[in-house]
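Structure data follow from final34.cif (mmCIF, C-alpha atoms and all ligand atoms):
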data_structure
loop_
_atom_site.label_atom_id
_atom_site.label_comp_id
_atom_site.auth_asym_id
_atom_site.auth_seq_id
_atom_site.Cartn_x
_atom_site.Cartn_y
_atom_site.Cartn_z
CA MET A 1 -23.40 9.07 -7.55
CA THR A 2 -21.02 10.52 -10.11
CA VAL A 3 -17.81 9.20 -11.61
CA THR A 4 -14.92 9.76 -9.18
CA THR A 5 -11.20 9.41 -9.71
CA ALA A 6 -8.24 9.71 -7.36
CA SER A 7 -4.51 9.15 -7.79
CA ALA A 8 -1.56 8.39 -5.55
CA PRO A 9 2.19 8.68 -6.23
CA GLY A 10 4.96 6.13 -5.97
CA LYS A 11 7.65 6.59 -3.31
CA ILE A 12 11.32 6.15 -2.57
CA ILE A 13 13.12 5.86 0.75
CA LEU A 14 15.97 8.38 1.01
CA PHE A 15 17.45 7.13 4.29
CA GLY A 16 16.77 4.47 6.90
CA GLU A 17 15.04 1.58 5.08
CA HIS A 18 15.09 -1.62 7.18
CA ALA A 19 16.29 0.27 10.29
CA VAL A 20 12.80 1.84 10.29
CA VAL A 21 11.29 -1.62 10.85
CA TYR A 22 13.26 -1.76 14.13
CA GLY A 23 11.96 1.60 15.35
CA HIS A 24 14.60 3.96 13.94
CA PRO A 25 13.68 7.08 11.96
CA ALA A 26 13.71 7.16 8.16
CA LEU A 27 13.14 9.67 5.37
CA ALA A 28 10.88 9.03 2.37
CA VAL A 29 9.56 11.14 -0.48
CA PRO A 30 6.75 10.69 -2.98
CA VAL A 31 7.58 10.11 -6.64
CA HIS A 32 4.89 11.99 -8.53
CA GLU A 33 6.25 10.96 -11.95
CA VAL A 34 4.59 7.55 -11.47
CA GLN A 35 1.01 7.19 -10.29
CA ALA A 36 -1.73 4.75 -9.40
CA THR A 37 -5.23 5.84 -10.34
CA CYS A 38 -8.64 4.63 -9.25
CA ARG A 39 -11.83 5.41 -11.17
CA ILE A 40 -15.24 4.62 -9.72
CA GLU A 41 -18.34 4.68 -11.89
CA PRO A 42 -21.92 3.92 -10.92
CA LEU A 43 -23.54 0.67 -12.09
CA PRO A 44 -27.29 -0.05 -12.29
CA ALA A 45 -29.11 -0.92 -9.05
CA GLY A 46 -28.51 -4.53 -7.99
CA ALA A 47 -25.15 -4.83 -9.79
CA GLY A 48 -23.17 -4.59 -6.55
CA VAL A 49 -19.50 -3.64 -6.47
CA VAL A 50 -17.17 -4.90 -9.19
CA ILE A 51 -13.41 -4.46 -8.82
CA ALA A 52 -11.15 -4.44 -11.87
CA ALA A 53 -7.43 -4.16 -12.54
CA PRO A 54 -7.13 -4.28 -16.34
CA ASP A 55 -3.29 -4.07 -16.18
CA ILE A 56 -3.28 -7.60 -14.74
CA ASN A 57 -6.47 -8.81 -16.44
CA PHE A 58 -8.34 -9.00 -13.16
CA ALA A 59 -12.06 -8.33 -12.68
CA ALA A 60 -14.39 -9.81 -10.05
CA PRO A 61 -17.44 -8.94 -7.98
CA LEU A 62 -16.30 -7.73 -4.56
CA SER A 63 -18.45 -10.44 -2.95
CA ALA A 64 -16.41 -13.15 -4.72
CA ALA A 65 -12.94 -11.70 -4.10
CA PRO A 66 -10.85 -13.54 -1.52
CA GLU A 67 -10.12 -11.98 1.90
CA ASP A 68 -6.44 -11.59 1.05
CA ASN A 69 -6.99 -9.80 -2.26
CA PRO A 70 -5.41 -6.38 -1.52
CA LEU A 71 -7.78 -4.51 -3.84
CA ALA A 72 -10.84 -6.06 -2.23
CA ALA A 73 -9.34 -5.49 1.24
CA ALA A 74 -8.85 -1.78 0.46
CA VAL A 75 -12.51 -1.54 -0.61
CA ARG A 76 -13.82 -3.52 2.40
CA HIS A 77 -11.74 -1.55 4.94
CA THR A 78 -12.88 1.76 3.43
CA LEU A 79 -16.54 0.80 3.39
CA ALA A 80 -16.21 -0.32 7.03
CA ALA A 81 -14.61 3.03 7.95
CA CYS A 82 -17.26 5.09 6.17
CA PRO A 83 -20.37 2.99 5.61
CA PRO A 84 -22.54 4.33 2.77
CA THR A 85 -26.16 5.14 3.58
CA LEU A 86 -27.39 3.01 0.66
CA PRO A 87 -25.86 -0.13 -0.89
CA ILE A 88 -23.28 0.79 -3.54
CA ASN A 89 -23.47 -0.34 -7.15
CA ALA A 90 -20.21 0.61 -8.78
CA ARG A 91 -17.26 -0.50 -10.86
CA ILE A 92 -13.92 0.26 -9.19
CA THR A 93 -11.07 0.23 -11.71
CA VAL A 94 -7.39 0.66 -10.85
CA THR A 95 -4.51 1.33 -13.20
CA ALA A 96 -0.90 2.18 -12.42
CA ASP A 97 2.34 2.99 -14.20
CA ILE A 98 4.41 2.20 -11.10
CA PRO A 99 6.74 -0.77 -11.65
CA VAL A 100 5.63 -3.62 -9.36
CA ALA A 101 7.94 -5.04 -6.65
CA ARG A 102 10.72 -2.51 -7.23
CA GLY A 103 10.58 -0.60 -3.95
CA LEU A 104 8.46 2.16 -5.47
CA GLY A 105 5.41 1.41 -3.34
CA SER A 106 3.10 0.23 -6.12
CA GLY A 107 0.87 -1.79 -3.76
CA ALA A 108 0.51 1.04 -1.25
CA ALA A 109 -0.14 3.53 -4.06
CA ILE A 110 -2.91 1.39 -5.58
CA ALA A 111 -4.55 0.92 -2.16
CA THR A 112 -4.24 4.66 -1.43
CA ALA A 113 -5.89 5.58 -4.74
CA VAL A 114 -8.77 3.16 -3.99
CA VAL A 115 -9.31 4.39 -0.42
CA LYS A 116 -9.19 8.04 -1.51
CA ALA A 117 -11.55 7.57 -4.47
CA LEU A 118 -14.02 5.42 -2.55
CA GLY A 119 -14.13 7.84 0.39
CA GLN A 120 -14.94 10.64 -2.05
CA TYR A 121 -17.49 8.46 -3.87
CA VAL A 122 -19.47 7.87 -0.68
CA GLY A 123 -19.24 11.55 0.23
CA ARG A 124 -16.39 11.39 2.77
CA ALA A 125 -13.06 12.86 1.69
CA LEU A 126 -10.86 11.00 4.18
CA PRO A 127 -7.93 12.81 5.84
CA PRO A 128 -4.43 11.55 4.90
CA GLN A 129 -3.79 9.90 8.29
CA GLN A 130 -6.99 7.86 8.05
CA ILE A 131 -6.11 6.85 4.48
CA ALA A 132 -2.63 5.88 5.68
CA ASP A 133 -4.11 3.75 8.49
CA ILE A 134 -6.47 1.89 6.15
CA VAL A 135 -3.66 1.28 3.63
CA PHE A 136 -1.44 0.02 6.48
CA ALA A 137 -4.06 -2.64 7.28
CA VAL A 138 -4.02 -3.67 3.60
CA GLU A 139 -0.18 -3.67 3.45
CA LYS A 140 -0.04 -6.07 6.40
CA ILE A 141 -1.77 -8.77 4.32
CA HIS A 142 1.22 -9.27 2.05
CA HIS A 143 4.15 -7.50 3.69
CA GLY A 144 4.17 -9.19 7.09
CA THR A 145 5.64 -6.55 9.41
CA PRO A 146 5.71 -3.26 7.48
CA SER A 147 7.02 -0.24 9.36
CA GLY A 148 4.25 2.00 8.04
CA ILE A 149 6.53 4.35 6.11
CA ASP A 150 5.28 3.45 2.61
CA ASN A 151 1.57 3.98 3.29
CA THR A 152 2.37 7.18 5.19
CA VAL A 153 4.50 8.92 2.58
CA ILE A 154 2.11 7.91 -0.19
CA ALA A 155 -1.10 8.90 1.62
CA PHE A 156 0.38 12.29 2.58
CA GLY A 157 2.05 12.78 -0.82
CA GLN A 158 4.82 14.82 0.84
CA PRO A 159 8.40 14.25 2.01
CA VAL A 160 8.31 12.73 5.50
CA PHE A 161 10.51 12.07 8.51
CA PHE A 162 8.95 8.89 9.85
CA GLN A 163 9.41 6.90 13.02
CA LYS A 164 7.15 4.03 14.03
CA GLY A 165 4.71 4.96 16.79
CA ARG A 166 5.59 8.69 16.68
CA PRO A 167 3.50 11.50 15.17
CA LEU A 168 4.45 12.11 11.56
CA GLN A 169 6.87 14.95 10.85
CA ARG A 170 7.03 16.67 7.48
CA LEU A 171 10.44 16.90 5.89
CA ALA A 172 11.21 20.41 4.65
CA VAL A 173 13.48 20.54 1.63
CA GLY A 174 15.77 23.58 1.66
CA ARG A 175 16.87 23.24 -1.92
CA PRO A 176 15.16 21.02 -4.52
CA LEU A 177 17.03 17.76 -5.00
CA THR A 178 17.29 16.03 -8.36
CA LEU A 179 17.36 12.26 -8.12
CA VAL A 180 17.76 9.63 -10.80
CA ILE A 181 16.08 6.36 -9.91
CA GLY A 182 17.63 3.27 -11.51
CA ASP A 183 15.66 0.03 -11.66
CA THR A 184 17.70 -3.20 -11.61
CA GLY A 185 14.75 -4.93 -13.32
CA ILE A 186 14.91 -7.55 -10.57
CA LYS A 187 11.93 -8.09 -8.28
CA SER A 188 12.43 -7.02 -4.70
CA GLN A 189 10.08 -9.00 -2.46
CA THR A 190 9.83 -6.81 0.62
CA ARG A 191 8.34 -9.52 2.81
CA LYS A 192 11.10 -11.99 1.91
CA VAL A 193 13.98 -9.54 2.26
CA VAL A 194 12.64 -8.18 5.59
CA GLY A 195 11.96 -11.73 6.88
CA ASN A 196 15.43 -13.04 5.91
CA LEU A 197 17.06 -10.02 7.48
CA ARG A 198 15.09 -10.61 10.70
CA ARG A 199 16.43 -14.16 10.87
CA ARG A 200 20.03 -12.97 10.39
CA ARG A 201 19.50 -10.27 13.01
CA ASP A 202 17.95 -12.65 15.53
CA ALA A 203 21.04 -14.86 15.19
CA ASP A 204 23.40 -11.93 15.90
CA LYS A 205 21.48 -9.13 17.57
CA PRO A 206 24.37 -6.97 18.84
CA ARG A 207 25.97 -6.65 15.40
CA TYR A 208 22.75 -6.02 13.45
CA ASP A 209 21.25 -3.69 16.04
CA GLY A 210 24.51 -1.74 15.98
CA TRP A 211 24.19 -1.30 12.20
CA PHE A 212 20.52 -0.31 12.53
CA GLN A 213 21.49 2.23 15.15
CA LEU A 214 24.06 3.80 12.83
CA MET A 215 21.43 4.01 10.09
CA GLY A 216 19.01 5.48 12.59
CA ARG A 217 21.53 8.24 13.38
CA LEU A 218 21.99 9.04 9.70
CA ALA A 219 18.29 9.86 9.20
CA PRO A 220 18.10 12.93 11.50
CA ALA A 221 21.54 14.10 10.30
CA ALA A 222 20.37 13.77 6.70
CA ARG A 223 17.17 15.59 7.58
CA GLN A 224 19.20 18.58 8.80
CA ALA A 225 21.34 18.52 5.66
CA ILE A 226 18.22 18.34 3.43
CA GLU A 227 16.58 21.20 5.30
CA ALA A 228 19.77 23.25 4.95
CA GLY A 229 20.15 22.31 1.25
CA GLN A 230 23.68 20.93 1.84
CA VAL A 231 23.98 18.47 -1.03
CA ALA A 232 27.58 17.40 -0.34
CA ARG A 233 26.58 16.32 3.18
CA ILE A 234 23.49 14.50 1.87
CA ALA A 235 25.68 12.68 -0.67
CA ASP A 236 28.13 11.63 2.04
CA TYR A 237 25.29 10.25 4.17
CA MET A 238 23.97 8.32 1.15
CA ALA A 239 27.36 6.61 0.78
CA GLN A 240 27.39 5.73 4.48
CA ASN A 241 23.83 4.42 4.33
CA HIS A 242 24.56 2.28 1.27
CA ALA A 243 27.64 0.79 2.97
CA LEU A 244 25.52 -0.14 6.00
CA LEU A 245 22.85 -1.68 3.75
CA GLN A 246 25.63 -3.75 2.16
CA GLN A 247 26.73 -4.86 5.63
CA ILE A 248 23.26 -6.09 6.57
CA GLY A 249 23.14 -8.05 3.31
CA VAL A 250 20.33 -6.35 1.39
CA SER A 251 22.33 -4.98 -1.53
CA SER A 252 23.18 -7.08 -4.58
CA ASP A 253 25.74 -7.08 -7.41
CA GLU A 254 23.21 -5.38 -9.68
CA LEU A 255 22.44 -2.63 -7.16
CA ASP A 256 26.14 -2.10 -6.42
CA ARG A 257 26.89 -1.95 -10.15
CA LEU A 258 24.25 0.77 -10.70
CA VAL A 259 25.47 2.72 -7.66
CA ARG A 260 29.05 2.62 -9.00
CA ALA A 261 27.96 3.57 -12.53
CA ALA A 262 26.03 6.59 -11.23
CA LEU A 263 28.98 7.81 -9.13
CA GLU A 264 31.42 7.33 -12.03
CA ALA A 265 29.09 9.38 -14.25
CA GLY A 266 29.22 12.28 -11.82
CA ALA A 267 26.39 11.64 -9.36
CA LEU A 268 27.07 13.31 -6.01
CA GLY A 269 25.80 10.35 -4.00
CA ALA A 270 24.01 7.05 -4.56
CA LYS A 271 22.47 4.21 -2.60
CA LEU A 272 19.94 1.43 -2.91
CA SER A 273 16.41 2.44 -1.97
CA GLY A 274 13.69 0.26 -0.45
CA ALA A 275 13.95 -3.37 0.55
CA GLY A 276 16.88 -4.19 -1.77
CA ARG A 277 18.17 -7.53 -3.19
CA GLY A 278 16.78 -6.05 -6.42
CA GLY A 279 14.43 -3.14 -7.00
CA ASN A 280 15.78 0.37 -7.24
CA MET A 281 18.75 2.55 -6.41
CA ILE A 282 18.76 6.33 -6.30
CA ALA A 283 21.42 8.82 -7.35
CA LEU A 284 21.58 12.44 -6.21
CA VAL A 285 22.72 14.62 -9.12
CA GLU A 286 23.26 18.25 -10.04
CA ASP A 287 20.49 19.14 -12.47
CA ASN A 288 22.88 19.33 -15.41
CA ARG A 289 24.23 15.78 -14.79
CA ALA A 290 20.84 14.03 -14.79
CA PHE A 291 21.12 13.08 -18.46
CA GLU A 292 24.67 11.64 -18.20
CA VAL A 293 23.81 9.69 -15.06
CA THR A 294 20.63 8.35 -16.66
CA GLN A 295 22.62 7.19 -19.69
CA ALA A 296 25.31 5.61 -17.52
CA LEU A 297 22.66 3.71 -15.55
CA GLN A 298 21.09 2.44 -18.75
CA ARG A 299 24.50 1.33 -20.06
CA ALA A 300 25.10 -0.46 -16.74
CA GLY A 301 21.89 -2.45 -17.24
CA ALA A 302 19.10 -0.41 -15.63
CA ALA A 303 15.76 -1.68 -16.90
CA GLN A 304 14.17 1.71 -16.34
CA THR A 305 15.16 5.14 -15.07
CA ILE A 306 13.08 7.97 -13.64
CA VAL A 307 14.28 11.50 -12.94
CA THR A 308 12.43 13.12 -10.06
CA THR A 309 12.75 16.41 -8.20
CA VAL A 310 12.29 16.40 -4.45
CA GLY A 311 11.07 19.61 -2.92
CA SER A 312 8.49 20.59 -0.32
CA SER A 313 6.20 21.68 -3.11
CA ALA A 314 7.41 19.27 -5.79
CA LYS A 315 3.86 17.97 -6.28
CA LYS A 316 2.97 17.70 -9.94
C1 LIG B 1 10.25 -0.75 2.15
O1 LIG B 1 9.87 0.32 1.31
C2 LIG B 1 11.03 -0.25 3.31
C3 LIG B 1 11.44 -1.31 4.32
O2 LIG B 1 12.09 -0.58 5.38
C4 LIG B 1 10.27 -2.09 4.85
C5 LIG B 1 9.33 -1.29 5.74
O3 LIG B 1 9.70 -0.19 6.17
O4 LIG B 1 8.24 -1.79 6.00
C6 LIG B 1 12.47 -2.26 3.74
#
Same coordinates, now as structure tokens:
Amino acid sequence: MTVTTASAPGKIILFGEHAVVYGHPALAVPVHEVQATCRIEPLPAGAGVVIAAPDINFAAPLSAAPEDNPLAAAVRHTLAACPPTLPINARITVTADIPVARGLGSGAAIATAVVKALGQYVGRALPPQQIADIVFAVEKIHHGTPSGIDNTVIAFGQPVFFQKGRPLQRLAVGRPLTLVIGDTGIKSQTRKVVGNLRRRRDADKPRYDGWFQLMGRLAPAARQAIEAGQVARIADYMAQNHALLQQIGVSSDELDRLVRAALEAGALGAKLSGAGRGGNMIALVEDNRAFEVTQALQRAGAAQTIVTTVGSSAKK
């Protein structure tokens, strides 16, 4: 066995977050500027498997890690899917520069890096769909009822048009899109935000399902605009999507402030991205406005900003 490493990107949702949980389509893209990495190195015979996450000062033998530890679950699910011929003795170390609980898919990216690296380590390079399925099982431990979009876009590492229960469709990007991601610095707990929204929706189904339907219609329209490279149309759909996300109660003052600041600084369109109530917003900009919009977001209180380019072959 030789040392093996694998990485996975972060992600952002372009259109359709939350509505995707209720079966509507959504668009997501990988963010290759931030990454989770897994390194696996052999240990002497009898050492067993040790998992380590030095970023959070965690290290434990796999045998002692609790069932609901996502790192251990990723390892156990992968070993069950591709059992090694001999017992493994290895140290599995994960590191990531993806901000945690900000809607950038840090948990799914870490699990993806582990599944990918471990598959390779035991001699089975797993296909993206199988990686996505294993990561979905891990995501369910802490996210309750995930739609499956995060694990899918991260495992495939490509822009996707995603709908629950339907075969994955790739999202072609007609003209590269420059996005500035602005982090409110506030944790966005997907499980909590999705759970609270479900309670509000169950109390008033017609209204909420109507809003989800409108979001669901925006995703295919936005897909067409993205494929055709029509940025003004994309920007308009972002405004509509953000307004709907405000209606369903998942925006926040901080997110709205960053969205306004980006638009005032010349962004074409802006919206929150991910679960909301914190986490990140995204702004679509002309290349030559990325700097001004970044500065405006920082002045408006963004804890962190990332500039990313979305394109079919934007992989870095
Ligand atoms: C989280 O990235 C996106 C949500 O739609 C939740 C999900 O799809 O599981 C809010």
Around all of ligand LIG 1 (chain B)'s listed atoms, make the axis-aligned box with 6 Å on each side and tell me centre and edge lengths in Å to one decimal, as AutoDock Vina command-line options.
--center_x 10.4 --center_y -1.0 --center_z 3.7 --size_x 16.2 --size_y 14.6 --size_z 16.9
Close residues, stretch 286-291 of chain A itself excluded, 9 Å, only C-alpha atoms, min 6 positions apart in chain, as a count of residues only: 9
Proximity check chain A to ligand LIG 1 (chain B), 6 Å, nearest pairs one decimal Å, all atoms listed in the file, as a tab-separated table:
residue	atom	partner	partner_atom	distance
A:Glu17	CA	B:LIG1	O2	3.7
A:His18	CA	B:LIG1	O2	3.6
A:Val20	CA	B:LIG1	O2	5.5
A:Val21	CA	B:LIG1	O3	5.1
A:Gly103	CA	B:LIG1	O1	5.4
A:Pro146	CA	B:LIG1	O4	3.3
A:Ser147	CA	B:LIG1	O4	3.9
A:Gly148	CA	B:LIG1	O4	5.9
A:Ile149	CA	B:LIG1	O3	5.5
A:Asp150	CA	B:LIG1	O1	5.7
A:Gly274	CA	B:LIG1	O1	4.2
A:Ala275	CA	B:LIG1	C6	3.7
Contacts of A:Ser188 at 6 Å (all atoms listed in the file; same-chain gap of 6+ positions) as number ranges by chain: A: 101-102, 277-279
Minimum-distance residue to A:Ala296, chosen among A:Gly182, A:Phe15, A:Leu255, A:Ile98 (using all atoms listed in the file):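 So, comparing all the options, the nearest one is A:Gly182.
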So how many Å separate atom CA of A:Leu297 and atom CA of A:Phe161, to one decimal?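 For atom CA of A:Leu297 relative to atom CA of A:Phe161, the distance reads 28.2 Å.
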If you keep N, CA and C atoms, can you output stretch 239-278 of chain A as a compact mmCIF listing (two decimals), in the first residue's frame?
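Wrote it out as decode-v4.txt, contents follow:
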# COMPACT_ATOMS: atom_id res chain seq x y z
N ALA A 239 -32.28 37.79 -8.47
CA ALA A 239 -33.07 38.72 -7.65
C ALA A 239 -34.41 38.07 -7.27
N GLN A 240 -35.03 37.42 -8.25
CA GLN A 240 -36.33 36.77 -7.97
C GLN A 240 -36.16 35.65 -6.94
N ASN A 241 -35.08 34.89 -7.09
CA ASN A 241 -34.86 33.76 -6.16
C ASN A 241 -34.59 34.28 -4.75
N HIS A 242 -33.81 35.37 -4.65
CA HIS A 242 -33.52 35.91 -3.32
C HIS A 242 -34.82 36.40 -2.66
N ALA A 243 -35.67 37.07 -3.45
CA ALA A 243 -36.93 37.58 -2.89
C ALA A 243 -37.78 36.41 -2.37
N LEU A 244 -37.80 35.31 -3.09
CA LEU A 244 -38.57 34.14 -2.64
C LEU A 244 -37.95 33.54 -1.38
N LEU A 245 -36.63 33.54 -1.31
CA LEU A 245 -35.96 33.00 -0.11
C LEU A 245 -36.26 33.89 1.09
N GLN A 246 -36.40 35.21 0.83
CA GLN A 246 -36.80 36.12 1.92
C GLN A 246 -38.22 35.76 2.38
N GLN A 247 -39.09 35.51 1.39
CA GLN A 247 -40.49 35.18 1.73
C GLN A 247 -40.59 33.95 2.62
N ILE A 248 -39.78 32.92 2.33
CA ILE A 248 -39.90 31.69 3.11
C ILE A 248 -39.13 31.79 4.43
N GLY A 249 -38.49 32.94 4.65
CA GLY A 249 -37.91 33.22 5.97
C GLY A 249 -36.52 32.66 6.21
N VAL A 250 -35.74 32.45 5.14
CA VAL A 250 -34.40 31.90 5.37
C VAL A 250 -33.28 32.93 5.14
N SER A 251 -33.68 34.18 4.78
CA SER A 251 -32.62 35.19 4.69
C SER A 251 -32.40 35.76 6.09
N SER A 252 -31.59 36.78 6.18
CA SER A 252 -31.34 37.43 7.48
C SER A 252 -30.88 38.84 7.17
N ASP A 253 -30.84 39.70 8.20
CA ASP A 253 -30.39 41.08 7.99
C ASP A 253 -28.99 41.10 7.39
N GLU A 254 -28.13 40.20 7.91
CA GLU A 254 -26.73 40.19 7.45
C GLU A 254 -26.66 39.80 5.97
N LEU A 255 -27.42 38.75 5.61
CA LEU A 255 -27.42 38.33 4.20
C LEU A 255 -27.97 39.43 3.31
N ASP A 256 -29.08 40.05 3.74
CA ASP A 256 -29.69 41.11 2.93
C ASP A 256 -28.73 42.30 2.80
N ARG A 257 -28.00 42.58 3.88
CA ARG A 257 -27.05 43.71 3.83
C ARG A 257 -25.96 43.42 2.79
N LEU A 258 -25.42 42.19 2.79
CA LEU A 258 -24.36 41.85 1.83
C LEU A 258 -24.91 41.85 0.40
N VAL A 259 -26.13 41.37 0.22
CA VAL A 259 -26.74 41.37 -1.12
C VAL A 259 -26.86 42.82 -1.62
N ARG A 260 -27.36 43.70 -0.75
CA ARG A 260 -27.51 45.13 -1.13
C ARG A 260 -26.16 45.76 -1.45
N ALA A 261 -25.17 45.47 -0.59
CA ALA A 261 -23.84 46.08 -0.78
C ALA A 261 -23.25 45.65 -2.12
N ALA A 262 -23.43 44.38 -2.47
CA ALA A 262 -22.88 43.87 -3.74
C ALA A 262 -23.55 44.58 -4.91
N LEU A 263 -24.89 44.71 -4.85
CA LEU A 263 -25.62 45.34 -5.96
C LEU A 263 -25.22 46.82 -6.09
N GLU A 264 -25.09 47.49 -4.93
CA GLU A 264 -24.71 48.91 -4.97
C GLU A 264 -23.31 49.10 -5.54
N ALA A 265 -22.46 48.07 -5.37
CA ALA A 265 -21.08 48.17 -5.87
C ALA A 265 -20.98 47.72 -7.33
N GLY A 266 -22.12 47.43 -7.94
CA GLY A 266 -22.09 47.13 -9.37
C GLY A 266 -22.26 45.67 -9.73
N ALA A 267 -22.56 44.80 -8.75
CA ALA A 267 -22.83 43.40 -9.11
C ALA A 267 -24.08 43.37 -9.99
N LEU A 268 -24.11 42.41 -10.92
CA LEU A 268 -25.27 42.29 -11.82
C LEU A 268 -26.46 41.69 -11.07
N GLY A 269 -26.17 40.71 -10.22
CA GLY A 269 -27.22 40.04 -9.46
C GLY A 269 -26.64 39.49 -8.18
N ALA A 270 -27.50 39.24 -7.19
CA ALA A 270 -27.00 38.68 -5.93
C ALA A 270 -28.12 37.97 -5.20
N LYS A 271 -27.75 36.97 -4.44
CA LYS A 271 -28.74 36.23 -3.64
C LYS A 271 -28.01 35.48 -2.54
N LEU A 272 -28.77 35.04 -1.55
CA LEU A 272 -28.16 34.13 -0.56
C LEU A 272 -27.95 32.79 -1.24
N SER A 273 -27.06 31.98 -0.69
CA SER A 273 -26.78 30.67 -1.28
C SER A 273 -26.66 29.63 -0.18
N GLY A 274 -27.41 28.54 -0.33
CA GLY A 274 -27.34 27.49 0.69
C GLY A 274 -28.53 27.59 1.63
N ALA A 275 -28.36 27.10 2.84
CA ALA A 275 -29.50 27.03 3.76
C ALA A 275 -29.96 28.40 4.25
N GLY A 276 -29.03 29.37 4.37
CA GLY A 276 -29.42 30.71 4.82
C GLY A 276 -29.46 30.87 6.32
N ARG A 277 -30.06 31.99 6.79
CA ARG A 277 -30.07 32.41 8.20
C ARG A 277 -28.64 32.65 8.70
N GLY A 278 -27.73 32.88 7.75
CA GLY A 278 -26.29 32.99 8.01
C GLY A 278 -25.62 32.37 6.81
